[in-house]
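coords.tsv follows (TSV, C-alpha atoms and all ligand atoms):
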chain	number	residue	atom	x	y	z
A	124	MET	CA	61.13	40.57	138.09
A	125	ARG	CA	61.97	43.04	135.40
A	126	ASP	CA	65.51	44.20	134.82
A	127	PRO	CA	65.91	47.53	136.73
A	128	SER	CA	67.26	49.24	133.61
A	129	ILE	CA	64.03	48.31	131.81
A	130	GLU	CA	61.99	49.92	134.61
A	131	GLU	CA	64.03	53.10	134.30
A	132	ALA	CA	63.75	53.07	130.51
A	133	LEU	CA	59.96	52.67	130.73
A	134	SER	CA	59.77	55.61	133.07
A	135	TRP	CA	61.77	57.74	130.58
A	136	LEU	CA	59.51	56.76	127.70
A	137	ARG	CA	56.26	57.19	129.62
A	138	LYS	CA	57.20	60.57	131.07
A	139	GLY	CA	58.57	61.78	127.73
A	140	ARG	CA	61.98	62.49	129.27
A	141	GLY	CA	63.80	61.51	126.10
A	142	PRO	CA	64.95	58.60	123.98
A	143	VAL	CA	66.25	55.36	125.44
A	144	ALA	CA	69.21	53.59	123.84
A	145	PHE	CA	68.64	49.85	123.74
A	146	PRO	CA	70.84	46.91	122.77
A	147	THR	CA	70.00	44.74	119.78
A	148	GLU	CA	71.92	41.88	118.17
A	149	THR	CA	73.13	44.26	115.42
A	150	VAL	CA	73.93	47.67	116.95
A	151	TYR	CA	72.43	49.83	119.72
A	152	GLY	CA	69.24	51.68	118.74
A	153	LEU	CA	67.95	55.07	119.88
A	154	GLY	CA	64.43	54.20	120.95
A	155	ALA	CA	61.39	56.46	121.09
A	156	PRO	CA	57.64	55.87	120.77
A	157	ALA	CA	56.99	55.53	117.03
A	158	LEU	CA	53.46	56.93	117.25
A	159	SER	CA	54.54	60.13	119.01
A	160	PRO	CA	55.75	62.72	116.46
A	161	ARG	CA	57.33	64.84	119.21
A	162	ALA	CA	59.34	61.96	120.63
A	163	VAL	CA	60.51	60.99	117.13
A	164	GLU	CA	61.44	64.64	116.37
A	165	ARG	CA	63.77	64.55	119.34
A	166	VAL	CA	65.56	61.50	117.91
A	167	PHE	CA	66.19	63.32	114.61
A	168	GLU	CA	67.38	66.37	116.51
A	169	LEU	CA	69.79	64.45	118.77
A	170	LYS	CA	71.26	62.47	115.87
A	171	GLY	CA	71.43	65.46	113.52
A	172	ARG	CA	69.70	63.19	111.02
A	173	PRO	CA	68.33	64.53	107.72
A	174	ARG	CA	64.52	64.55	107.80
A	175	ARG	CA	64.17	62.67	104.55
A	176	ASN	CA	65.93	59.62	106.03
A	177	PRO	CA	63.15	57.46	107.51
A	178	LEU	CA	63.47	55.29	110.62
A	179	ILE	CA	63.12	51.58	111.33
A	180	VAL	CA	60.24	50.76	113.66
A	181	HIS	CA	60.97	48.01	116.18
A	182	VAL	CA	58.17	45.70	117.24
A	183	ARG	CA	57.77	42.83	119.70
A	184	ASP	CA	56.39	40.35	117.18
A	185	LEU	CA	54.54	39.83	113.93
A	186	ALA	CA	51.21	40.80	115.57
A	187	MET	CA	52.58	44.23	116.47
A	188	ALA	CA	54.04	44.54	112.95
A	189	ARG	CA	50.55	44.02	111.51
A	190	THR	CA	49.32	47.17	113.27
A	191	LEU	CA	51.79	49.25	111.24
A	192	THR	CA	51.13	48.09	107.70
A	193	SER	CA	48.11	48.14	105.41
A	194	ASP	CA	49.33	45.04	103.63
A	195	LEU	CA	51.34	42.16	105.01
A	196	PRO	CA	51.90	39.87	102.02
A	197	ARG	CA	52.35	36.13	102.45
A	198	GLU	CA	56.05	36.52	101.51
A	199	ALA	CA	56.60	38.92	104.41
A	200	GLU	CA	54.95	36.48	106.77
A	201	ARG	CA	57.23	33.69	105.61
A	202	LEU	CA	60.34	35.86	106.05
A	203	ALA	CA	59.17	36.99	109.49
A	204	GLU	CA	58.51	33.41	110.58
A	205	ARG	CA	62.00	32.38	109.56
A	206	PHE	CA	64.10	35.40	110.51
A	207	TRP	CA	62.31	37.25	113.37
A	208	PRO	CA	63.45	38.01	115.95
A	209	GLY	CA	66.57	38.75	113.91
A	210	PRO	CA	68.56	41.12	111.71
A	211	LEU	CA	66.06	41.55	108.88
A	212	THR	CA	64.12	44.77	108.26
A	213	LEU	CA	61.11	44.59	105.96
A	214	VAL	CA	59.94	47.64	104.03
A	215	LEU	CA	56.15	47.33	103.67
A	216	ALA	CA	53.13	49.46	102.78
A	217	ARG	CA	52.61	52.07	105.47
A	218	GLY	CA	49.50	51.66	107.62
A	219	GLU	CA	47.18	54.34	109.00
A	220	GLY	CA	48.11	56.55	111.91
A	221	ILE	CA	51.87	56.45	111.34
A	222	PRO	CA	53.39	59.93	111.79
A	223	ASP	CA	54.97	61.33	108.60
A	224	ILE	CA	58.22	61.95	110.41
A	225	VAL	CA	58.76	58.19	110.86
A	226	THR	CA	58.53	57.36	107.15
A	227	GLY	CA	59.96	60.58	105.72
A	228	GLY	CA	56.44	61.22	104.42
A	229	GLY	CA	56.73	58.20	102.10
A	230	PRO	CA	54.23	55.40	101.44
A	231	THR	CA	56.31	52.66	103.10
A	232	ILE	CA	57.42	51.73	106.60
A	233	ALA	CA	60.49	49.74	107.69
A	234	ILE	CA	59.86	47.18	110.45
A	235	ARG	CA	61.88	44.63	112.38
A	236	VAL	CA	61.85	42.46	115.54
A	237	PRO	CA	65.27	42.71	117.22
A	238	ALA	CA	66.85	39.56	118.68
A	239	HIS	CA	68.05	40.75	122.06
A	240	PRO	CA	66.36	39.77	125.33
A	241	LEU	CA	66.46	43.33	126.73
A	242	ALA	CA	65.09	44.87	123.53
A	243	LEU	CA	62.25	42.36	123.52
A	244	GLU	CA	61.60	42.93	127.22
A	245	LEU	CA	61.42	46.68	126.61
A	246	LEU	CA	59.03	46.30	123.68
A	247	GLU	CA	56.91	43.83	125.60
A	248	ALA	CA	56.69	46.05	128.69
A	249	TYR	CA	56.12	49.28	126.74
A	250	GLY	CA	53.56	47.52	124.59
A	251	ALA	CA	53.89	49.75	121.52
A	252	PRO	CA	56.32	50.15	118.60
A	253	LEU	CA	59.56	52.09	119.05
A	254	VAL	CA	61.63	53.77	116.37
A	255	GLY	CA	65.26	52.72	116.59
A	256	PRO	CA	67.88	54.28	114.37
A	257	SER	CA	71.43	53.35	115.30
A	258	ALA	CA	72.35	55.33	118.43
A	259	ASN	CA	75.10	57.46	116.88
A	260	PRO	CA	75.29	60.98	115.47
A	261	SER	CA	74.20	60.81	111.82
A	262	GLY	CA	76.94	59.63	109.46
A	263	ARG	CA	79.26	58.39	112.21
A	264	ILE	CA	80.17	54.88	113.37
A	265	SER	CA	77.29	52.81	114.78
A	266	PRO	CA	77.56	51.77	118.46
A	267	THR	CA	78.11	48.12	119.33
A	268	ARG	CA	78.57	48.69	123.09
A	269	ALA	CA	76.79	50.85	125.67
A	270	GLU	CA	79.98	52.93	126.13
A	271	HIS	CA	79.84	53.90	122.46
A	272	VAL	CA	76.43	55.44	123.03
A	273	ARG	CA	77.56	57.19	126.21
A	274	VAL	CA	80.37	59.04	124.44
A	275	SER	CA	77.88	60.55	121.96
A	276	PHE	CA	74.95	61.57	124.17
A	277	SER	CA	74.74	63.05	127.65
A	278	PRO	CA	73.00	61.07	130.42
A	279	THR	CA	70.45	63.88	130.76
A	280	GLU	CA	69.48	63.48	127.08
A	281	VAL	CA	69.48	59.72	126.58
A	282	TYR	CA	69.01	56.83	129.00
A	283	VAL	CA	71.20	53.85	128.06
A	284	ILE	CA	70.24	50.23	128.69
A	285	ASP	CA	73.50	48.28	128.85
A	286	GLY	CA	73.07	44.89	127.23
A	287	GLY	CA	76.75	44.17	126.61
A	288	PRO	CA	78.45	43.95	123.21
A	289	CYS	CA	76.26	43.35	120.14
A	290	THR	CA	76.73	39.84	118.76
A	291	ARG	CA	76.27	40.60	115.02
A	292	GLY	CA	77.99	43.97	114.97
A	293	ILE	CA	76.59	45.43	111.75
A	294	GLU	CA	73.11	46.72	110.95
A	295	SER	CA	70.21	44.59	109.75
A	296	THR	CA	69.57	43.59	106.16
A	297	VAL	CA	66.90	45.89	104.67
A	298	LEU	CA	64.58	44.33	102.09
A	299	ARG	CA	61.77	46.02	100.17
A	300	LEU	CA	59.10	43.60	99.07
A	301	GLY	CA	57.10	44.17	95.93
A	302	VAL	CA	56.75	43.06	92.34
A	303	LYS	CA	60.51	43.42	92.47
A	304	ASN	CA	62.13	42.43	95.78
A	305	GLU	CA	64.94	44.86	96.42
A	306	LEU	CA	67.85	44.60	98.82
A	307	LEU	CA	68.19	48.17	100.11
A	308	ARG	CA	70.98	47.42	102.58
A	309	PRO	CA	73.06	44.22	102.74
A	310	GLY	CA	73.40	42.77	106.23
A	311	PRO	CA	73.64	39.61	108.30
A	312	ILE	CA	70.77	37.88	106.48
A	313	SER	CA	72.15	37.08	103.03
A	314	VAL	CA	70.56	37.41	99.60
A	315	ALA	CA	70.77	33.61	99.24
A	316	GLU	CA	68.78	33.08	102.45
A	317	LEU	CA	66.16	35.62	101.36
A	318	GLU	CA	65.80	34.10	97.89
A	319	GLU	CA	65.51	30.63	99.34
A	320	THR	CA	62.66	31.69	101.63
A	321	LEU	CA	60.91	33.81	99.00
A	322	GLY	CA	61.36	31.37	96.14
A	323	ALA	CA	62.01	34.50	94.06
A	324	ARG	CA	64.87	36.73	93.00
A	325	VAL	CA	66.14	39.61	95.10
A	326	VAL	CA	67.57	42.57	93.21
A	327	VAL	CA	70.69	44.10	94.77
A	328	ARG	CA	70.80	47.87	94.36
A	329	SER	CA	74.09	49.20	93.09
A	330	GLU	CA	76.38	51.01	95.50
A	331	HIS	CA	75.81	54.42	93.95
A	332	ASP	CA	72.03	54.45	94.02
A	333	GLY	CA	70.57	56.77	96.56
A	334	GLU	CA	72.90	59.63	95.77
A	335	GLY	CA	71.78	62.98	94.50
A	336	GLU	CA	68.65	65.00	95.05
A	337	GLY	CA	65.03	64.19	95.70
A	338	ALA	CA	63.25	61.28	97.29
A	339	LEU	CA	65.56	58.38	97.95
A	340	PRO	CA	64.61	54.70	97.77
A	341	SER	CA	66.58	54.15	100.96
A	342	PRO	CA	68.17	57.36	102.08
A	343	GLY	CA	70.58	55.55	104.37
A	344	LEU	CA	72.35	54.60	101.15
A	345	LEU	CA	73.97	58.00	100.98
A	346	ARG	CA	77.57	57.24	100.20
A	347	SER	CA	79.55	58.52	103.15
A	348	HIS	CA	78.44	56.80	106.33
A	349	TYR	CA	79.80	54.84	109.28
A	350	ALA	CA	82.70	57.25	109.00
A	351	PRO	CA	85.65	57.70	111.35
A	352	ARG	CA	87.03	61.25	111.75
A	353	ALA	CA	90.45	60.29	110.39
A	354	ARG	CA	90.91	59.71	106.67
A	355	ALA	CA	90.52	56.03	105.95
A	356	SER	CA	91.28	53.88	102.91
A	357	LEU	CA	90.56	50.35	101.86
A	358	LEU	CA	93.57	48.70	100.21
A	359	ASP	CA	94.86	45.25	99.35
A	360	GLU	CA	97.99	44.03	101.14
A	361	VAL	CA	100.52	45.19	98.52
A	362	ALA	CA	99.11	48.71	98.13
A	363	LEU	CA	98.79	48.92	101.89
A	364	ARG	CA	102.48	48.18	102.51
A	365	LEU	CA	103.45	50.90	100.02
A	366	ALA	CA	101.11	53.41	101.67
A	367	LEU	CA	102.52	52.63	105.11
A	368	ALA	CA	106.09	53.09	103.95
A	369	ALA	CA	105.21	56.48	102.44
A	370	GLN	CA	103.57	57.86	105.61
A	371	PRO	CA	106.02	58.95	108.35
A	372	LYS	CA	103.29	59.98	110.83
A	373	ALA	CA	101.70	57.34	113.03
A	374	GLY	CA	98.66	55.67	111.54
A	375	VAL	CA	96.60	52.57	112.24
A	376	VAL	CA	96.15	49.46	110.12
A	377	ILE	CA	93.03	47.36	110.49
A	378	GLY	CA	94.57	44.16	109.22
A	379	LEU	CA	93.24	40.81	108.17
A	380	THR	CA	96.26	38.74	107.09
A	381	LEU	CA	98.98	41.16	108.24
A	382	THR	CA	100.52	40.14	111.56
A	383	GLU	CA	102.90	43.07	112.00
A	384	VAL	CA	103.50	46.60	110.76
A	385	GLN	CA	106.55	48.87	111.08
A	386	ALA	CA	106.69	51.61	113.72
A	387	PRO	CA	105.33	54.23	114.13
A	388	HIS	CA	102.22	52.56	112.77
A	389	GLN	CA	99.94	50.35	114.85
A	390	LEU	CA	98.09	47.20	113.89
A	391	ILE	CA	94.64	46.08	114.93
A	392	GLU	CA	94.32	42.41	113.98
A	393	MET	CA	90.83	41.39	112.88
A	394	PRO	CA	89.22	37.94	113.10
A	395	ARG	CA	89.46	36.14	109.74
A	396	ASP	CA	85.95	34.73	109.72
A	397	ALA	CA	83.14	37.01	108.49
A	398	GLU	CA	81.05	36.69	111.69
A	399	GLY	CA	83.99	37.61	113.90
A	400	TYR	CA	85.05	40.41	111.55
A	401	ALA	CA	81.56	41.97	111.50
A	402	ARG	CA	81.31	41.78	115.28
A	403	ALA	CA	84.68	43.53	115.76
A	404	LEU	CA	84.48	46.06	112.91
A	405	TYR	CA	82.88	49.17	114.45
A	406	GLY	CA	84.82	48.76	117.69
A	407	ALA	CA	88.06	48.56	115.68
A	408	LEU	CA	87.21	51.70	113.67
A	409	ARG	CA	86.53	53.57	116.92
A	410	GLU	CA	89.71	52.27	118.54
A	411	ALA	CA	91.72	53.37	115.51
A	412	ASP	CA	90.05	56.78	115.40
A	413	ASP	CA	90.61	57.36	119.12
A	414	THR	CA	94.41	57.34	118.62
A	415	ASP	CA	94.00	60.42	116.38
A	416	PRO	CA	95.97	58.69	113.60
A	417	SER	CA	97.44	60.30	110.49
A	418	HIS	CA	95.47	57.74	108.51
A	419	ILE	CA	93.49	54.51	108.92
A	420	TRP	CA	94.35	51.80	106.41
A	421	ILE	CA	91.96	48.89	106.13
A	422	GLU	CA	93.20	45.67	104.54
A	423	ALA	CA	90.48	44.67	102.07
A	424	PRO	CA	88.66	41.47	103.05
A	425	PRO	CA	87.75	38.80	100.46
A	426	ARG	CA	85.14	39.73	97.87
A	427	GLU	CA	82.70	36.98	98.72
A	428	PRO	CA	78.91	36.88	98.89
A	429	GLY	CA	76.95	36.66	102.13
A	430	LEU	CA	78.20	38.53	105.17
A	431	TRP	CA	81.40	39.69	103.43
A	432	LEU	CA	79.21	41.63	100.97
A	433	ALA	CA	77.64	43.53	103.86
A	434	ILE	CA	81.07	44.12	105.43
A	435	HIS	CA	82.41	45.49	102.12
A	436	GLU	CA	79.47	47.85	101.84
A	437	ARG	CA	80.20	49.26	105.33
A	438	LEU	CA	83.92	49.56	104.57
A	439	ALA	CA	83.23	51.33	101.28
A	440	ARG	CA	81.16	53.90	103.15
A	441	ALA	CA	83.61	54.25	106.03
A	442	THR	CA	86.33	55.08	103.49
A	443	ALA	CA	84.22	57.18	101.07
A	444	GLU	CA	85.20	60.79	100.43
A	445	THR	CA	82.70	63.09	102.10
A	501	LIG	O1	70.18	46.84	112.69
A	501	LIG	C1	69.48	47.84	112.53
A	501	LIG	O2	68.65	47.95	111.61
A	501	LIG	C2	69.66	48.97	113.56
A	501	LIG	C3	69.16	48.47	114.91
A	501	LIG	C4	69.17	49.53	115.99
A	501	LIG	O3	67.89	47.90	114.77
A	501	LIG	N1	68.98	50.16	113.14
A	501	LIG	C5	69.43	50.91	112.08
A	501	LIG	O4	68.68	52.07	111.84
A	501	LIG	O5	70.39	50.61	111.43
A	501	LIG	P1	69.22	53.25	110.92
A	501	LIG	O6	68.20	54.34	111.08
A	501	LIG	O7	70.59	53.58	111.29
A	501	LIG	O8	69.11	52.70	109.48
A	501	LIG	C6	67.84	52.53	108.90
A	501	LIG	C7	67.95	52.26	107.44
A	501	LIG	C8	68.36	53.49	106.68
A	501	LIG	O9	69.22	53.09	105.63
A	501	LIG	C9	67.03	54.02	106.16
A	501	LIG	O10	67.16	54.82	105.03
A	501	LIG	C10	66.31	52.72	105.86
A	501	LIG	O11	66.68	51.86	106.91
A	501	LIG	N2	64.85	52.91	105.87
A	501	LIG	C11	64.06	53.21	106.91
A	501	LIG	N3	62.76	53.32	106.51
A	501	LIG	C12	62.74	53.08	105.19
A	501	LIG	C13	61.71	53.03	104.21
A	501	LIG	N4	60.44	53.27	104.51
A	501	LIG	N5	62.07	52.72	102.95
A	501	LIG	C14	63.36	52.47	102.63
A	501	LIG	N6	64.38	52.49	103.51
A	501	LIG	C15	64.08	52.79	104.78
A	502	MG	MG	72.50	54.20	111.19
With the file now loaded, output its structure as structure tokens.
Amino acid sequence: MRDPSIEEALSWLRKGRGPVAFPTETVYGLGAPALSPRAVERVFELKGRPRRNPLIVHVRDLAMARTLTSDLPREAERLAERFWPGPLTLVLARGEGIPDIVTGGGPTIAIRVPAHPLALELLEAYGAPLVGPSANPSGRISPTRAEHVRVSFSPTEVYVIDGGPCTRGIESTVLRLGVKNELLRPGPISVAELEETLGARVVVRSEHDGEGEGALPSPGLLRSHYAPRARASLLDEVALRLALAAQPKAGVVIGLTLTEVQAPHQLIEMPRDAEGYARALYGALREADDTDPSHIWIEAPPREPGLWLAIHERLARATAET
């Protein structure tokens, strides 16, 4: 027996009623048939997403991935075997029949197999690839619970499959394979794990790439992203205490080592391990933002490789000037 929410989601997709938000291990995605330009248009429209920012296509397995690319190199196969289903997106040569709107008109396509039983059930039952950008208005905080999706889109526009809280909590690692293997977005799969599987170096793009005009290597690398409405800053403990003392109006601290802050400010205590921190991060940013604070101060986590690198990248964007 299929989950009833999958039946309803299938009916939405088949009748073209609108996108379907689905849970993944990273964040919730806004799903629509990848081979239907009209359905994909609607996703851009609902998110208010710039057209030049291409989408990740979600597939059931490697076999479905093959239908989307003109060239699946041996390296991609090895990565897929090790990390799929899982939080790794591969940017590969675009195959035939892919609508321009999916790839931003570019020669590549981003593909991943999500590791969530409901996402896999949906892909299996629908039987064709689905685009799945994070299910949030463009530039805002990604959703890690069904409720987060419901506050952004009306139930007449988007059907939401509730799969509970996302276990990873931040978006997939995006890797472009080629003569040079490039990390386009750090994420739960680390550079060390990728290099080990590839037996080759992975180049990490600098934080500022992707700004400015023209075609972007990975347009999601625009600087301000994952942003709360309130002003937010990333500070170490000492600078943070000074900032708190100087602000009389109630703000929120997203703390790591701090265990208390002075009134009127509030503290959200974060898990100290990277996995726990990543899982809690977007929920904490939303919780802070929902109090309409004078400011959100984020205590800077350790500058370490692996998952902390991905967390830092998200924090840098959440606190970037728009
Ligand atoms: O974890 C995830 O990847 C989530 C879940 C729902 O799967 N999805 C997600 O999608 O984060 P989105 O659209 O929010 O981010 C997609 C990222 C963007 O940075 C985009 O620019 C990049 O992938 N991207 C998509 N297609 C690309 C391509 N052909 N070349 C380079 N970058 C691409
Ligand atoms: Mg996104």
(request) Kindly work out which residues sit at most 7 Å from ligand LIG 501 (chain A), using all atoms listed in the file, and give the list as a ChimeraX atom specification. (result) /A:147,149-153,176-179,210,212,214,226,229,231-233,237,255-257,293-295,297,307-308,340-344
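Our summary of the geometry notes that CA of Arg235 in chain A is positioned 5.2 Å from CA of His181 in chain A.
Take CA of Ile264 in chain A and CA of Asp412 in chain A: the distance between them is 10.3 Å.
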Cut-off 12 Å around (52.6, 49.6, 104.7) with all atoms listed in the file: residues as an mmCIF file with C-alpha atoms, in the frame of the given file:
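The result, written out as part-v9.cif:
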data_model
loop_
_atom_site.group_PDB
_atom_site.id
_atom_site.type_symbol
_atom_site.label_atom_id
_atom_site.label_comp_id
_atom_site.auth_asym_id
_atom_site.auth_seq_id
_atom_site.Cartn_x
_atom_site.Cartn_y
_atom_site.Cartn_z
ATOM 1 C CA VAL A 180 60.240 50.760 113.660
ATOM 2 C CA ALA A 188 54.040 44.540 112.950
ATOM 3 C CA ARG A 189 50.550 44.020 111.510
ATOM 4 C CA THR A 190 49.320 47.170 113.270
ATOM 5 C CA LEU A 191 51.790 49.250 111.240
ATOM 6 C CA THR A 192 51.130 48.090 107.700
ATOM 7 C CA SER A 193 48.110 48.140 105.410
ATOM 8 C CA ASP A 194 49.330 45.040 103.630
ATOM 9 C CA LEU A 195 51.340 42.160 105.010
ATOM 10 C CA PRO A 196 51.900 39.870 102.020
ATOM 11 C CA ALA A 199 56.600 38.920 104.410
ATOM 12 C CA LEU A 213 61.110 44.590 105.960
ATOM 13 C CA VAL A 214 59.940 47.640 104.030
ATOM 14 C CA LEU A 215 56.150 47.330 103.670
ATOM 15 C CA ALA A 216 53.130 49.460 102.780
ATOM 16 C CA ARG A 217 52.610 52.070 105.470
ATOM 17 C CA GLY A 218 49.500 51.660 107.620
ATOM 18 C CA GLU A 219 47.180 54.340 109.000
ATOM 19 C CA GLY A 220 48.110 56.550 111.910
ATOM 20 C CA ILE A 221 51.870 56.450 111.340
ATOM 21 C CA THR A 226 58.530 57.360 107.150
ATOM 22 C CA GLY A 229 56.730 58.200 102.100
ATOM 23 C CA PRO A 230 54.230 55.400 101.440
ATOM 24 C CA THR A 231 56.310 52.660 103.100
ATOM 25 C CA ILE A 232 57.420 51.730 106.600
ATOM 26 C CA ALA A 233 60.490 49.740 107.690
ATOM 27 C CA ILE A 234 59.860 47.180 110.450
ATOM 28 C CA ARG A 299 61.770 46.020 100.170
ATOM 29 C CA LEU A 300 59.100 43.600 99.070
ATOM 30 C CA GLY A 301 57.100 44.170 95.930
#
Spatial neighbours of Arg437 in chain A, 8 Å, only C-alpha atoms, chain gap at least 3 places, as a tab-separated table (two decimals) with C-alpha atoms, in the coordinates of the input:
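Result file result_36.tsv:
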chain	number	residue	atom	x	y	z
A	348	HIS	CA	78.44	56.80	106.33
A	349	TYR	CA	79.80	54.84	109.28
A	433	ALA	CA	77.64	43.53	103.86
A	434	ILE	CA	81.07	44.12	105.43
A	440	ARG	CA	81.16	53.90	103.15
A	441	ALA	CA	83.61	54.25	106.03
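Going from CA of Ala401 in chain A over to CA of Glu148 in chain A, you cover 11.7 Å.
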(message) Ranking A:Pro309, A:Pro351, A:Pro371, A:Gly378 by minimum distance to Glu422 in chain A and counting all atoms listed in the file, which one comes first?
(response)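 Answer, going by the shortest atom-to-atom distance: A:Gly378.
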(request) Tell me which of A:Tyr405, A:Val314, A:Ile377, A:Leu202 sits closest to Arg291 in chain A, counting only C-alpha atoms. (result)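 Nearest to Arg291 in chain A: A:Tyr405.
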Quick one: axis-aligned box around all listed atoms of range 349-363 of chain A, 3 Å on every side, centre and edge lengths in Å to one decimal, written as lines of an AutoDock Vina configuration file.
center_x = 90.2
center_y = 52.6
center_z = 104.9
size_x = 26.7
size_y = 23.2
size_z = 19.6
(message) Within 10 Å of (89.9, 59.3, 111.7) in the file's own coordinates, which protein, DNA or RNA residues have an atom, counting only C-alpha atoms? List them as a list in words.
(response)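 Looking at atoms near the point gives Ala350, Pro351, Arg352, Ala353, Arg354, Ala355, Gly374, Val375, Leu408, Arg409, Glu410, Ala411, Asp412, Asp413, Thr414, Asp415, Pro416, Ser417, His418, Ile419, Ala441 and Thr442 of chain A.
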(request) Considering only C-alpha atoms, state which residue in the set A:Pro266, A:Pro252, A:Pro222, A:Pro142 is at the smallest distance from Leu185 in chain A. (result)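 Under the stated criterion, the closest residue is A:Pro252.
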(request) Write out as a list in words the residues lying within 8 Å of Arg426 in chain A, counting all atoms listed in the file and excluding same-chain residues fewer than 5 positions away. (result)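 Counting only the stated atoms, we get Trp431, Leu432 and His435 of chain A.
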Please reconstruct the missing atoms of range 423-436 of chain A (target: N, CA, C and O atoms) and return them as a PDB file, in the coordinates of the input.
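Result file follows (out_20.pdb):
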ATOM      1  N   ALA A 423      91.745  45.106 102.669  1.00  0.00           N
ATOM      2  CA  ALA A 423      90.480  44.670 102.070  1.00  0.00           C
ATOM      3  C   ALA A 423      90.206  43.189 102.311  1.00  0.00           C
ATOM      4  O   ALA A 423      91.044  42.344 102.018  1.00  0.00           O
ATOM      5  N   PRO A 424      89.038  42.869 102.859  1.00  0.00           N
ATOM      6  CA  PRO A 424      88.660  41.470 103.050  1.00  0.00           C
ATOM      7  C   PRO A 424      88.276  40.816 101.725  1.00  0.00           C
ATOM      8  O   PRO A 424      88.139  41.513 100.710  1.00  0.00           O
ATOM      9  N   PRO A 425      88.101  39.491 101.714  1.00  0.00           N
ATOM     10  CA  PRO A 425      87.750  38.800 100.460  1.00  0.00           C
ATOM     11  C   PRO A 425      86.437  39.302  99.891  1.00  0.00           C
ATOM     12  O   PRO A 425      85.538  39.672 100.626  1.00  0.00           O
ATOM     13  N   ARG A 426      86.377  39.329  98.546  1.00  0.00           N
ATOM     14  CA  ARG A 426      85.140  39.730  97.870  1.00  0.00           C
ATOM     15  C   ARG A 426      84.262  38.506  97.713  1.00  0.00           C
ATOM     16  O   ARG A 426      84.254  37.848  96.687  1.00  0.00           O
ATOM     17  N   GLU A 427      83.552  38.174  98.759  1.00  0.00           N
ATOM     18  CA  GLU A 427      82.700  36.980  98.720  1.00  0.00           C
ATOM     19  C   GLU A 427      81.271  37.380  99.031  1.00  0.00           C
ATOM     20  O   GLU A 427      81.033  38.395  99.672  1.00  0.00           O
ATOM     21  N   PRO A 428      80.309  36.553  98.583  1.00  0.00           N
ATOM     22  CA  PRO A 428      78.910  36.880  98.890  1.00  0.00           C
ATOM     23  C   PRO A 428      78.610  36.654 100.375  1.00  0.00           C
ATOM     24  O   PRO A 428      79.494  36.275 101.139  1.00  0.00           O
ATOM     25  N   GLY A 429      77.353  36.868 100.740  1.00  0.00           N
ATOM     26  CA  GLY A 429      76.950  36.660 102.130  1.00  0.00           C
ATOM     27  C   GLY A 429      77.399  37.817 103.002  1.00  0.00           C
ATOM     28  O   GLY A 429      77.384  38.972 102.581  1.00  0.00           O
ATOM     29  N   LEU A 430      77.849  37.485 104.198  1.00  0.00           N
ATOM     30  CA  LEU A 430      78.200  38.530 105.170  1.00  0.00           C
ATOM     31  C   LEU A 430      79.347  39.421 104.697  1.00  0.00           C
ATOM     32  O   LEU A 430      79.374  40.615 104.983  1.00  0.00           O
ATOM     33  N   TRP A 431      80.295  38.857 103.931  1.00  0.00           N
ATOM     34  CA  TRP A 431      81.400  39.690 103.430  1.00  0.00           C
ATOM     35  C   TRP A 431      80.888  40.819 102.545  1.00  0.00           C
ATOM     36  O   TRP A 431      81.455  41.911 102.513  1.00  0.00           O
ATOM     37  N   LEU A 432      79.803  40.579 101.822  1.00  0.00           N
ATOM     38  CA  LEU A 432      79.210  41.630 100.970  1.00  0.00           C
ATOM     39  C   LEU A 432      78.775  42.806 101.840  1.00  0.00           C
ATOM     40  O   LEU A 432      79.030  43.976 101.522  1.00  0.00           O
ATOM     41  N   ALA A 433      78.109  42.480 102.953  1.00  0.00           N
ATOM     42  CA  ALA A 433      77.640  43.530 103.860  1.00  0.00           C
ATOM     43  C   ALA A 433      78.824  44.260 104.495  1.00  0.00           C
ATOM     44  O   ALA A 433      78.811  45.483 104.649  1.00  0.00           O
ATOM     45  N   ILE A 434      79.869  43.510 104.827  1.00  0.00           N
ATOM     46  CA  ILE A 434      81.070  44.120 105.430  1.00  0.00           C
ATOM     47  C   ILE A 434      81.715  45.079 104.421  1.00  0.00           C
ATOM     48  O   ILE A 434      82.072  46.210 104.755  1.00  0.00           O
ATOM     49  N   HIS A 435      81.828  44.632 103.163  1.00  0.00           N
ATOM     50  CA  HIS A 435      82.410  45.490 102.120  1.00  0.00           C
ATOM     51  C   HIS A 435      81.629  46.781 101.955  1.00  0.00           C
ATOM     52  O   HIS A 435      82.195  47.856 101.777  1.00  0.00           O
ATOM     53  N   GLU A 436      80.303  46.660 101.991  1.00  0.00           N
ATOM     54  CA  GLU A 436      79.470  47.850 101.840  1.00  0.00           C
ATOM     55  C   GLU A 436      79.770  48.845 102.950  1.00  0.00           C
ATOM     56  O   GLU A 436      79.912  50.048 102.715  1.00  0.00           O
TER      57      GLU A 436
END
